[in-house]
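Engineer: As input, take work-v5.pdb (PDB, C-alpha atoms):
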ATOM      1  CA  MET W   1      23.720  98.296 161.989
ATOM      2  CA  ARG W   2      25.336  97.690 158.603
ATOM      3  CA  PRO W   3      22.923  97.739 155.635
ATOM      4  CA  LEU W   4      22.733  94.359 153.879
ATOM      5  CA  ILE W   5      21.848  93.537 150.280
ATOM      6  CA  ALA W   6      21.653  89.744 150.670
ATOM      7  CA  GLU W   7      22.043  87.073 153.325
ATOM      8  CA  SER W   8      21.921  83.365 154.044
ATOM      9  CA  ASP W   9      22.118  81.574 157.372
ATOM     10  CA  ASP W  10      25.856  82.265 157.877
ATOM     11  CA  VAL W  11      26.995  84.541 155.011
ATOM     12  CA  LYS W  12      25.869  88.110 154.440
ATOM     13  CA  ILE W  13      26.665  90.739 151.817
ATOM     14  CA  GLY W  14      26.590  94.324 153.060
ATOM     15  CA  LEU W  15      28.064  97.763 152.724
ATOM     16  CA  ILE W  16      31.761  98.223 153.395
ATOM     17  CA  GLU W  17      32.349 100.477 156.401
ATOM     18  CA  LYS W  18      35.386 102.474 157.517
ATOM     19  CA  GLU W  19      36.216  99.989 160.264
ATOM     20  CA  ASP W  20      36.723  97.329 157.541
ATOM     21  CA  LEU W  21      39.661  99.196 155.992
ATOM     22  CA  GLN W  22      42.381  97.611 158.160
ATOM     23  CA  LYS W  23      41.190  94.113 157.222
ATOM     24  CA  ILE W  24      40.980  95.089 153.528
ATOM     25  CA  TYR W  25      44.560  96.380 153.768
ATOM     26  CA  GLU W  26      45.680  93.021 155.212
ATOM     27  CA  ILE W  27      43.786  90.955 152.619
ATOM     28  CA  PHE W  28      45.040  93.033 149.671
ATOM     29  CA  ASN W  29      48.647  92.676 150.885
ATOM     30  CA  ASN W  30      48.604  88.919 151.538
ATOM     31  CA  PRO W  31      51.162  87.551 149.040
ATOM     32  CA  LYS W  32      49.519  84.101 148.925
ATOM     33  CA  GLY W  33      46.197  85.545 147.746
ATOM     34  CA  ALA W  34      47.716  88.364 145.706
ATOM     35  CA  ARG W  35      49.617  85.951 143.468
ATOM     36  CA  PHE W  36      46.462  85.518 141.378
ATOM     37  CA  LEU W  37      45.853  89.263 140.883
ATOM     38  CA  ARG W  38      46.676  91.127 137.653
ATOM     39  CA  ASP W  39      49.819  92.539 139.274
ATOM     40  CA  PRO W  40      50.911  90.110 141.990
ATOM     41  CA  THR W  41      53.864  92.324 142.936
ATOM     42  CA  GLN W  42      51.738  95.358 143.762
ATOM     43  CA  VAL W  43      51.857  96.525 147.359
ATOM     44  CA  PHE W  44      48.918  98.554 148.633
ATOM     45  CA  TYR W  45      49.469 101.532 150.902
ATOM     46  CA  ARG W  46      46.930 102.463 153.570
ATOM     47  CA  GLU W  47      46.111 105.530 151.476
ATOM     48  CA  ASP W  48      45.255 103.252 148.528
ATOM     49  CA  VAL W  49      42.686 101.449 150.652
ATOM     50  CA  GLU W  50      41.265 104.764 151.878
ATOM     51  CA  GLU W  51      40.955 105.972 148.257
ATOM     52  CA  PHE W  52      39.286 102.659 147.359
ATOM     53  CA  TYR W  53      36.757 103.281 150.148
ATOM     54  CA  GLU W  54      36.089 106.869 149.064
ATOM     55  CA  GLY W  55      35.601 105.697 145.478
ATOM     56  CA  LEU W  56      32.893 103.201 146.451
ATOM     57  CA  ARG W  57      30.256 105.931 146.703
ATOM     58  CA  ARG W  58      31.421 107.882 143.657
ATOM     59  CA  ASN W  59      31.480 104.984 141.185
ATOM     60  CA  ARG W  60      28.241 103.136 141.980
ATOM     61  CA  ASP W  61      27.069 103.309 138.378
ATOM     62  CA  ARG W  62      30.104 101.308 137.193
ATOM     63  CA  ASN W  63      31.183  99.353 140.289
ATOM     64  CA  ARG W  64      29.319  97.993 143.306
ATOM     65  CA  ILE W  65      31.672  96.480 145.846
ATOM     66  CA  TYR W  66      30.439  94.994 149.106
ATOM     67  CA  ALA W  67      31.624  93.325 152.290
ATOM     68  CA  ILE W  68      31.451  89.572 152.764
ATOM     69  CA  LEU W  69      30.355  88.961 156.365
ATOM     70  CA  TYR W  70      30.497  85.614 158.107
ATOM     71  CA  GLY W  71      29.080  83.909 161.171
ATOM     72  CA  LYS W  72      26.640  84.885 163.876
ATOM     73  CA  THR W  73      28.643  88.042 164.594
ATOM     74  CA  ALA W  74      28.824  88.935 160.875
ATOM     75  CA  ASP W  75      32.592  89.451 160.897
ATOM     76  CA  PHE W  76      34.083  91.199 157.857
ATOM     77  CA  ILE W  77      36.166  88.608 155.970
ATOM     78  CA  GLY W  78      36.448  89.912 152.407
ATOM     79  CA  THR W  79      34.957  91.721 149.456
ATOM     80  CA  ILE W  80      32.791  90.848 146.486
ATOM     81  CA  GLY W  81      31.795  93.169 143.714
ATOM     82  CA  LEU W  82      30.217  93.819 140.387
ATOM     83  CA  TYR W  83      32.643  95.777 138.233
ATOM     84  CA  ASP W  84      32.342  97.592 134.917
ATOM     85  CA  ILE W  85      28.555  97.375 135.056
ATOM     86  CA  ASP W  86      27.211  97.848 131.543
ATOM     87  CA  ALA W  87      23.579  98.928 131.941
ATOM     88  CA  LYS W  88      22.984  99.163 128.193
ATOM     89  CA  ASN W  89      24.052  95.577 127.533
ATOM     90  CA  SER W  90      22.981  94.334 130.986
ATOM     91  CA  TYR W  91      26.093  92.591 132.298
ATOM     92  CA  ALA W  92      28.867  93.014 134.859
ATOM     93  CA  TYR W  93      32.173  91.434 135.874
ATOM     94  CA  ILE W  94      32.099  89.653 139.254
ATOM     95  CA  ALA W  95      35.207  89.381 141.444
ATOM     96  CA  PHE W  96      35.789  88.313 145.037
ATOM     97  CA  GLY W  97      38.427  87.727 147.680
ATOM     98  CA  ILE W  98      38.430  86.660 151.316
ATOM     99  CA  ASP W  99      40.861  86.416 154.215
ATOM    100  CA  GLN W 100      43.085  83.349 153.837
ATOM    101  CA  LYS W 101      42.019  81.868 157.185
ATOM    102  CA  TYR W 102      38.497  81.364 155.738
ATOM    103  CA  TRP W 103      39.597  79.614 152.532
ATOM    104  CA  GLY W 104      38.206  76.157 151.805
ATOM    105  CA  ARG W 105      34.984  76.447 153.814
ATOM    106  CA  GLY W 106      32.523  77.156 151.002
ATOM    107  CA  ILE W 107      31.986  80.739 152.174
ATOM    108  CA  THR W 108      33.021  82.311 148.877
ATOM    109  CA  SER W 109      30.685  80.006 146.943
ATOM    110  CA  LYS W 110      27.794  81.168 149.125
ATOM    111  CA  ALA W 111      28.827  84.810 148.709
ATOM    112  CA  VAL W 112      28.908  84.438 144.909
ATOM    113  CA  SER W 113      25.479  82.798 144.980
ATOM    114  CA  LEU W 114      24.090  85.708 147.019
ATOM    115  CA  MET W 115      25.681  88.285 144.708
ATOM    116  CA  MET W 116      24.286  86.489 141.643
ATOM    117  CA  LYS W 117      20.812  86.623 143.149
ATOM    118  CA  TYR W 118      21.234  90.359 143.786
ATOM    119  CA  ALA W 119      22.618  90.977 140.276
ATOM    120  CA  PHE W 120      19.885  88.988 138.534
ATOM    121  CA  ASP W 121      16.822  89.618 140.719
ATOM    122  CA  THR W 122      17.423  93.163 141.989
ATOM    123  CA  MET W 123      19.607  94.745 139.297
ATOM    124  CA  HIS W 124      17.981  92.687 136.508
ATOM    125  CA  LEU W 125      21.285  91.974 134.776
ATOM    126  CA  ARG W 126      21.151  89.287 132.104
ATOM    127  CA  LYS W 127      24.738  88.055 132.418
ATOM    128  CA  LEU W 128      27.751  87.959 134.730
ATOM    129  CA  ILE W 129      31.282  87.399 133.511
ATOM    130  CA  SER W 130      34.484  86.596 135.349
ATOM    131  CA  SER W 131      37.989  85.304 134.792
ATOM    132  CA  VAL W 132      40.705  83.568 136.782
ATOM    133  CA  PHE W 133      44.240  82.459 136.095
ATOM    134  CA  ASP W 134      44.316  78.726 135.359
ATOM    135  CA  PRO W 135      46.306  77.726 138.489
ATOM    136  CA  ASN W 136      43.667  79.353 140.730
ATOM    137  CA  ILE W 137      41.725  76.117 141.160
ATOM    138  CA  ALA W 138      39.739  77.331 144.189
ATOM    139  CA  SER W 139      38.265  80.343 142.371
ATOM    140  CA  ARG W 140      37.531  78.223 139.303
ATOM    141  CA  LYS W 141      35.574  75.799 141.514
ATOM    142  CA  VAL W 142      33.640  78.686 143.117
ATOM    143  CA  LEU W 143      32.531  79.894 139.692
ATOM    144  CA  GLU W 144      31.730  76.421 138.349
ATOM    145  CA  LYS W 145      29.758  75.529 141.504
ATOM    146  CA  ASN W 146      27.623  78.615 140.803
ATOM    147  CA  GLY W 147      26.865  77.602 137.215
ATOM    148  CA  PHE W 148      29.504  79.677 135.416
ATOM    149  CA  GLU W 149      30.785  78.057 132.241
ATOM    150  CA  GLU W 150      34.226  78.369 130.719
ATOM    151  CA  VAL W 151      33.869  80.193 127.393
ATOM    152  CA  GLY W 152      37.463  80.761 126.379
ATOM    153  CA  ARG W 153      41.048  81.474 127.333
ATOM    154  CA  TYR W 154      43.732  84.021 126.826
ATOM    155  CA  ARG W 155      46.788  81.791 126.487
ATOM    156  CA  ARG W 156      49.816  82.515 128.723
ATOM    157  CA  HIS W 157      48.178  85.855 129.508
ATOM    158  CA  GLY W 158      49.488  86.749 132.952
ATOM    159  CA  TYR W 159      52.421  86.019 135.193
ATOM    160  CA  VAL W 160      51.564  84.044 138.339
ATOM    161  CA  PRO W 161      54.403  83.633 140.872
ATOM    162  CA  GLY W 162      55.299  79.969 141.238
ATOM    163  CA  TYR W 163      53.557  79.054 137.957
ATOM    164  CA  GLY W 164      55.032  81.344 135.314
ATOM    165  CA  PHE W 165      52.834  82.711 132.541
ATOM    166  CA  ALA W 166      49.386  81.172 132.890
ATOM    167  CA  ASP W 167      46.206  81.093 130.832
ATOM    168  CA  GLU W 168      43.433  83.444 131.887
ATOM    169  CA  VAL W 169      40.220  81.392 131.862
ATOM    170  CA  LEU W 170      37.059  83.301 130.895
ATOM    171  CA  PHE W 171      33.676  82.458 132.432
ATOM    172  CA  GLU W 172      30.071  83.605 131.985
ATOM    173  CA  ARG W 173      26.747  82.904 133.651
ATOM    174  CA  PHE W 174      23.398  83.931 132.197
ATOM    175  CA  ASN W 175      20.308  84.859 134.167
ATOM    176  CA  GLU W 176      18.034  81.951 133.373
ATOM    177  CA  LYS W 177      14.821  83.714 134.449
TER     178      LYS W 177
END
Translate the structure of the given file into structure tokens.

Structural biologist:
Amino acid sequence: MRPLIAESDDVKIGLIEKEDLQKIYEIFNNPKGARFLRDPTQVFYREDVEEFYEGLRRNRDRNRIYAILYGKTADFIGTIGLYDIDAKNSYAYIAFGIDQKYWGRGITSKAVSLMMKYAFDTMHLRKLISSVFDPNIASRKVLEKNGFEEVGRYRRHGYVPGYGFADEVLFERFNEK
């Protein structure tokens, strides 16, 4: 049984396990989803994914990355994490990604809501930050639906295939408790 940190009726957040690595490899190498990453041309080797997995335990103070699980069978469909956790200043960067066949169903919005609850109620962080490239409308909507507000932009900051150089839109969400 996989340990969970948060769950709703159909979405769960839990530990990443070795059997998830093949799916992570496929998600990371999907060109349609990768176009919005910092380096959309990067190809991940299986060894990269294995190193990512090994690093999960070693870097828990700075990064906490979890599995997004969906449905009654809690199938692994993606990852969500808190990165660059700053305990002194009480904030972290939130990022997420799921398998393309689950896009557009509201699953990522639920996963972000669950991770926010964990970050604010369990970790007692005061703020979460995030950023997306302007053409990534779906991820912008996920953040906005969860109460994140746009606080600035880096103009023409990153190359997005099919769009050229795009603004990076900066978001933040405070713990209101």

Engineer: Output the residue selection produced by the PyMOL selection byres ((chain W and resi 74) around 10) on the file above, formatted as a PyMOL selection string.

Structural biologist: chain W and resi 2+10-14+68-73+75-77

Engineer: What residues come out when you apply the PyMOL selection byres ((chain W and resi 148) around 7) to this file, written as a list in words?

Structural biologist: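 Residues picked by the PyMOL selection byres ((chain W and resi 148) around 7): Leu143, Glu144, Asn146, Gly147, Glu149, Glu150, Phe171, Glu172 and Arg173 of chain W.
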
Engineer: Which residues, named as in the file, does the PyMOL selection byres ((chain W and resi 163) around 12) pick out? Answer as an mmCIF file with C-alpha atoms, keeping the file's coordinate frame.

Structural biologist:
data_model
loop_
_atom_site.group_PDB
_atom_site.id
_atom_site.type_symbol
_atom_site.label_atom_id
_atom_site.label_comp_id
_atom_site.auth_asym_id
_atom_site.auth_seq_id
_atom_site.Cartn_x
_atom_site.Cartn_y
_atom_site.Cartn_z
ATOM 1 C CA ARG W 35 49.617 85.951 143.468
ATOM 2 C CA PHE W 36 46.462 85.518 141.378
ATOM 3 C CA PHE W 133 44.240 82.459 136.095
ATOM 4 C CA ASP W 134 44.316 78.726 135.359
ATOM 5 C CA PRO W 135 46.306 77.726 138.489
ATOM 6 C CA ASN W 136 43.667 79.353 140.730
ATOM 7 C CA ARG W 156 49.816 82.515 128.723
ATOM 8 C CA GLY W 158 49.488 86.749 132.952
ATOM 9 C CA TYR W 159 52.421 86.019 135.193
ATOM 10 C CA VAL W 160 51.564 84.044 138.339
ATOM 11 C CA PRO W 161 54.403 83.633 140.872
ATOM 12 C CA GLY W 162 55.299 79.969 141.238
ATOM 13 C CA GLY W 164 55.032 81.344 135.314
ATOM 14 C CA PHE W 165 52.834 82.711 132.541
ATOM 15 C CA ALA W 166 49.386 81.172 132.890
ATOM 16 C CA ASP W 167 46.206 81.093 130.832
#

Engineer: Residues at most 10 Å from Arg60 in chain W, counting only C-alpha atoms, excluding those fewer than 5 positions away in the same chain, as a list in words?

Structural biologist: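 Surrounding residues, per the criterion: Gly55, Ile65, Leu82, Tyr83, Asp84 and Ile85 of chain W.
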
Engineer: Tell me which of W:Glu168, W:Asp39, W:Asp48, W:Glu54 sits closest to Lys18 in chain W, counting all atoms listed in the file.

Structural biologist: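 Nearest candidate to Lys18 in chain W out of W:Glu168, W:Asp39, W:Asp48, W:Glu54: W:Glu54.
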
Engineer: In terms of the shortest atom-to-atom distance over only C-alpha atoms, which of W:Ile27, W:Ile107, W:Ala87, W:Val43 is closest to Ala119 in chain W?

Structural biologist: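 Of all the options, W:Ala87 lies closest to Ala119 in chain W.
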
Engineer: Which of these, W:Tyr91, W:Trp103, W:Phe96, W:Tyr154, has the shortest distance to Arg126 in chain W once you count only C-alpha atoms?

Structural biologist: W:Tyr91

Engineer: Hey, can you check how far CA of Ser139 in chain W sits from CA of Ala6 in chain W?

Structural biologist: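 Atom-to-atom, CA of Ser139 in chain W to CA of Ala6 in chain W, that is 20.8 Å.
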
Engineer: CA of Val49 in chain W and CA of Ile24 in chain W are how many Å apart?

Structural biologist: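 So the answer is 7.2 Å.
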
Engineer: Kindly indicate which residue among W:Val169, W:Leu114, W:Ala95, W:Ala34 lies nearest to Leu4 in chain W, using all atoms listed in the file for the distances.

Structural biologist: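 Counting all atoms listed in the file, the residue closest to Leu4 in chain W is W:Leu114.
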
Engineer: Smallest atom-to-atom distance to Thr79 in chain W: which of W:Asp20, W:Asp121, W:Glu176, W:Asp9, using all atoms listed in the file?

Structural biologist: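 That would be W:Asp20, the residue with the smallest distance to Thr79 in chain W.
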
Engineer: Would you kindly place N, CA, C and O atoms on range 120-145 of chain W and return the model as a PDB file, in the coordinates of the input?

Structural biologist:
ATOM      1  N   PHE W 120      20.937  89.424 139.437  1.00  0.00           N
ATOM      2  CA  PHE W 120      19.885  88.988 138.534  1.00  0.00           C
ATOM      3  C   PHE W 120      18.491  89.443 138.968  1.00  0.00           C
ATOM      4  O   PHE W 120      17.706  89.910 138.156  1.00  0.00           O
ATOM      5  N   ASP W 121      18.181  89.323 140.252  1.00  0.00           N
ATOM      6  CA  ASP W 121      16.822  89.618 140.719  1.00  0.00           C
ATOM      7  C   ASP W 121      16.585  91.083 141.049  1.00  0.00           C
ATOM      8  O   ASP W 121      15.489  91.592 140.839  1.00  0.00           O
ATOM      9  N   THR W 122      17.593  91.760 141.585  1.00  0.00           N
ATOM     10  CA  THR W 122      17.423  93.163 141.989  1.00  0.00           C
ATOM     11  C   THR W 122      17.885  94.125 140.900  1.00  0.00           C
ATOM     12  O   THR W 122      17.184  95.078 140.562  1.00  0.00           O
ATOM     13  N   MET W 123      19.074  93.862 140.335  1.00  0.00           N
ATOM     14  CA  MET W 123      19.607  94.745 139.297  1.00  0.00           C
ATOM     15  C   MET W 123      19.103  94.367 137.906  1.00  0.00           C
ATOM     16  O   MET W 123      19.279  95.124 136.964  1.00  0.00           O
ATOM     17  N   HIS W 124      18.528  93.191 137.773  1.00  0.00           N
ATOM     18  CA  HIS W 124      17.981  92.687 136.508  1.00  0.00           C
ATOM     19  C   HIS W 124      19.041  92.603 135.401  1.00  0.00           C
ATOM     20  O   HIS W 124      18.734  92.859 134.231  1.00  0.00           O
ATOM     21  N   LEU W 125      20.252  92.218 135.784  1.00  0.00           N
ATOM     22  CA  LEU W 125      21.285  91.974 134.776  1.00  0.00           C
ATOM     23  C   LEU W 125      20.986  90.649 134.082  1.00  0.00           C
ATOM     24  O   LEU W 125      20.384  89.751 134.663  1.00  0.00           O
ATOM     25  N   ARG W 126      21.399  90.530 132.844  1.00  0.00           N
ATOM     26  CA  ARG W 126      21.151  89.287 132.104  1.00  0.00           C
ATOM     27  C   ARG W 126      22.348  88.350 132.117  1.00  0.00           C
ATOM     28  O   ARG W 126      22.214  87.158 131.841  1.00  0.00           O
ATOM     29  N   LYS W 127      23.553  88.898 132.469  1.00  0.00           N
ATOM     30  CA  LYS W 127      24.738  88.055 132.418  1.00  0.00           C
ATOM     31  C   LYS W 127      25.802  88.574 133.373  1.00  0.00           C
ATOM     32  O   LYS W 127      25.954  89.778 133.554  1.00  0.00           O
ATOM     33  N   LEU W 128      26.551  87.637 133.956  1.00  0.00           N
ATOM     34  CA  LEU W 128      27.751  87.959 134.730  1.00  0.00           C
ATOM     35  C   LEU W 128      28.930  87.274 134.054  1.00  0.00           C
ATOM     36  O   LEU W 128      28.800  86.162 133.533  1.00  0.00           O
ATOM     37  N   ILE W 129      30.056  87.961 134.062  1.00  0.00           N
ATOM     38  CA  ILE W 129      31.282  87.399 133.511  1.00  0.00           C
ATOM     39  C   ILE W 129      32.355  87.431 134.591  1.00  0.00           C
ATOM     40  O   ILE W 129      32.261  88.191 135.558  1.00  0.00           O
ATOM     41  N   SER W 130      33.368  86.611 134.420  1.00  0.00           N
ATOM     42  CA  SER W 130      34.484  86.596 135.349  1.00  0.00           C
ATOM     43  C   SER W 130      35.672  85.944 134.660  1.00  0.00           C
ATOM     44  O   SER W 130      35.528  85.384 133.567  1.00  0.00           O
ATOM     45  N   SER W 131      36.819  86.002 135.306  1.00  0.00           N
ATOM     46  CA  SER W 131      37.989  85.304 134.792  1.00  0.00           C
ATOM     47  C   SER W 131      38.929  85.005 135.948  1.00  0.00           C
ATOM     48  O   SER W 131      38.927  85.703 136.955  1.00  0.00           O
ATOM     49  N   VAL W 132      39.700  83.942 135.789  1.00  0.00           N
ATOM     50  CA  VAL W 132      40.705  83.568 136.782  1.00  0.00           C
ATOM     51  C   VAL W 132      41.919  83.013 136.039  1.00  0.00           C
ATOM     52  O   VAL W 132      41.793  82.498 134.925  1.00  0.00           O
ATOM     53  N   PHE W 133      43.068  83.110 136.669  1.00  0.00           N
ATOM     54  CA  PHE W 133      44.240  82.459 136.095  1.00  0.00           C
ATOM     55  C   PHE W 133      44.119  80.954 136.342  1.00  0.00           C
ATOM     56  O   PHE W 133      43.657  80.509 137.395  1.00  0.00           O
ATOM     57  N   ASP W 134      44.498  80.175 135.351  1.00  0.00           N
ATOM     58  CA  ASP W 134      44.316  78.726 135.359  1.00  0.00           C
ATOM     59  C   ASP W 134      44.772  78.050 136.654  1.00  0.00           C
ATOM     60  O   ASP W 134      44.075  77.159 137.134  1.00  0.00           O
ATOM     61  N   PRO W 135      45.898  78.419 137.256  1.00  0.00           N
ATOM     62  CA  PRO W 135      46.306  77.726 138.489  1.00  0.00           C
ATOM     63  C   PRO W 135      45.411  78.021 139.706  1.00  0.00           C
ATOM     64  O   PRO W 135      45.526  77.340 140.718  1.00  0.00           O
ATOM     65  N   ASN W 136      44.532  78.989 139.603  1.00  0.00           N
ATOM     66  CA  ASN W 136      43.667  79.353 140.730  1.00  0.00           C
ATOM     67  C   ASN W 136      42.461  78.407 140.764  1.00  0.00           C
ATOM     68  O   ASN W 136      41.334  78.774 140.462  1.00  0.00           O
ATOM     69  N   ILE W 137      42.733  77.184 141.165  1.00  0.00           N
ATOM     70  CA  ILE W 137      41.725  76.117 141.160  1.00  0.00           C
ATOM     71  C   ILE W 137      40.543  76.474 142.067  1.00  0.00           C
ATOM     72  O   ILE W 137      39.389  76.218 141.715  1.00  0.00           O
ATOM     73  N   ALA W 138      40.815  77.034 143.232  1.00  0.00           N
ATOM     74  CA  ALA W 138      39.739  77.331 144.189  1.00  0.00           C
ATOM     75  C   ALA W 138      38.725  78.307 143.589  1.00  0.00           C
ATOM     76  O   ALA W 138      37.510  78.089 143.680  1.00  0.00           O
ATOM     77  N   SER W 139      39.193  79.371 142.962  1.00  0.00           N
ATOM     78  CA  SER W 139      38.265  80.343 142.371  1.00  0.00           C
ATOM     79  C   SER W 139      37.534  79.753 141.171  1.00  0.00           C
ATOM     80  O   SER W 139      36.364  80.059 140.940  1.00  0.00           O
ATOM     81  N   ARG W 140      38.207  78.912 140.420  1.00  0.00           N
ATOM     82  CA  ARG W 140      37.531  78.223 139.303  1.00  0.00           C
ATOM     83  C   ARG W 140      36.376  77.383 139.838  1.00  0.00           C
ATOM     84  O   ARG W 140      35.279  77.385 139.287  1.00  0.00           O
ATOM     85  N   LYS W 141      36.620  76.651 140.924  1.00  0.00           N
ATOM     86  CA  LYS W 141      35.574  75.799 141.514  1.00  0.00           C
ATOM     87  C   LYS W 141      34.407  76.638 142.030  1.00  0.00           C
ATOM     88  O   LYS W 141      33.248  76.228 141.907  1.00  0.00           O
ATOM     89  N   VAL W 142      34.702  77.802 142.626  1.00  0.00           N
ATOM     90  CA  VAL W 142      33.640  78.686 143.117  1.00  0.00           C
ATOM     91  C   VAL W 142      32.728  79.080 141.958  1.00  0.00           C
ATOM     92  O   VAL W 142      31.495  79.016 142.070  1.00  0.00           O
ATOM     93  N   LEU W 143      33.328  79.482 140.847  1.00  0.00           N
ATOM     94  CA  LEU W 143      32.531  79.894 139.692  1.00  0.00           C
ATOM     95  C   LEU W 143      31.743  78.721 139.116  1.00  0.00           C
ATOM     96  O   LEU W 143      30.543  78.832 138.844  1.00  0.00           O
ATOM     97  N   GLU W 144      32.402  77.594 138.929  1.00  0.00           N
ATOM     98  CA  GLU W 144      31.730  76.421 138.349  1.00  0.00           C
ATOM     99  C   GLU W 144      30.595  75.931 139.244  1.00  0.00           C
ATOM    100  O   GLU W 144      29.530  75.550 138.754  1.00  0.00           O
ATOM    101  N   LYS W 145      30.806  75.949 140.562  1.00  0.00           N
ATOM    102  CA  LYS W 145      29.758  75.529 141.504  1.00  0.00           C
ATOM    103  C   LYS W 145      28.521  76.414 141.372  1.00  0.00           C
ATOM    104  O   LYS W 145      27.406  75.965 141.623  1.00  0.00           O
TER     105      LYS W 145
END
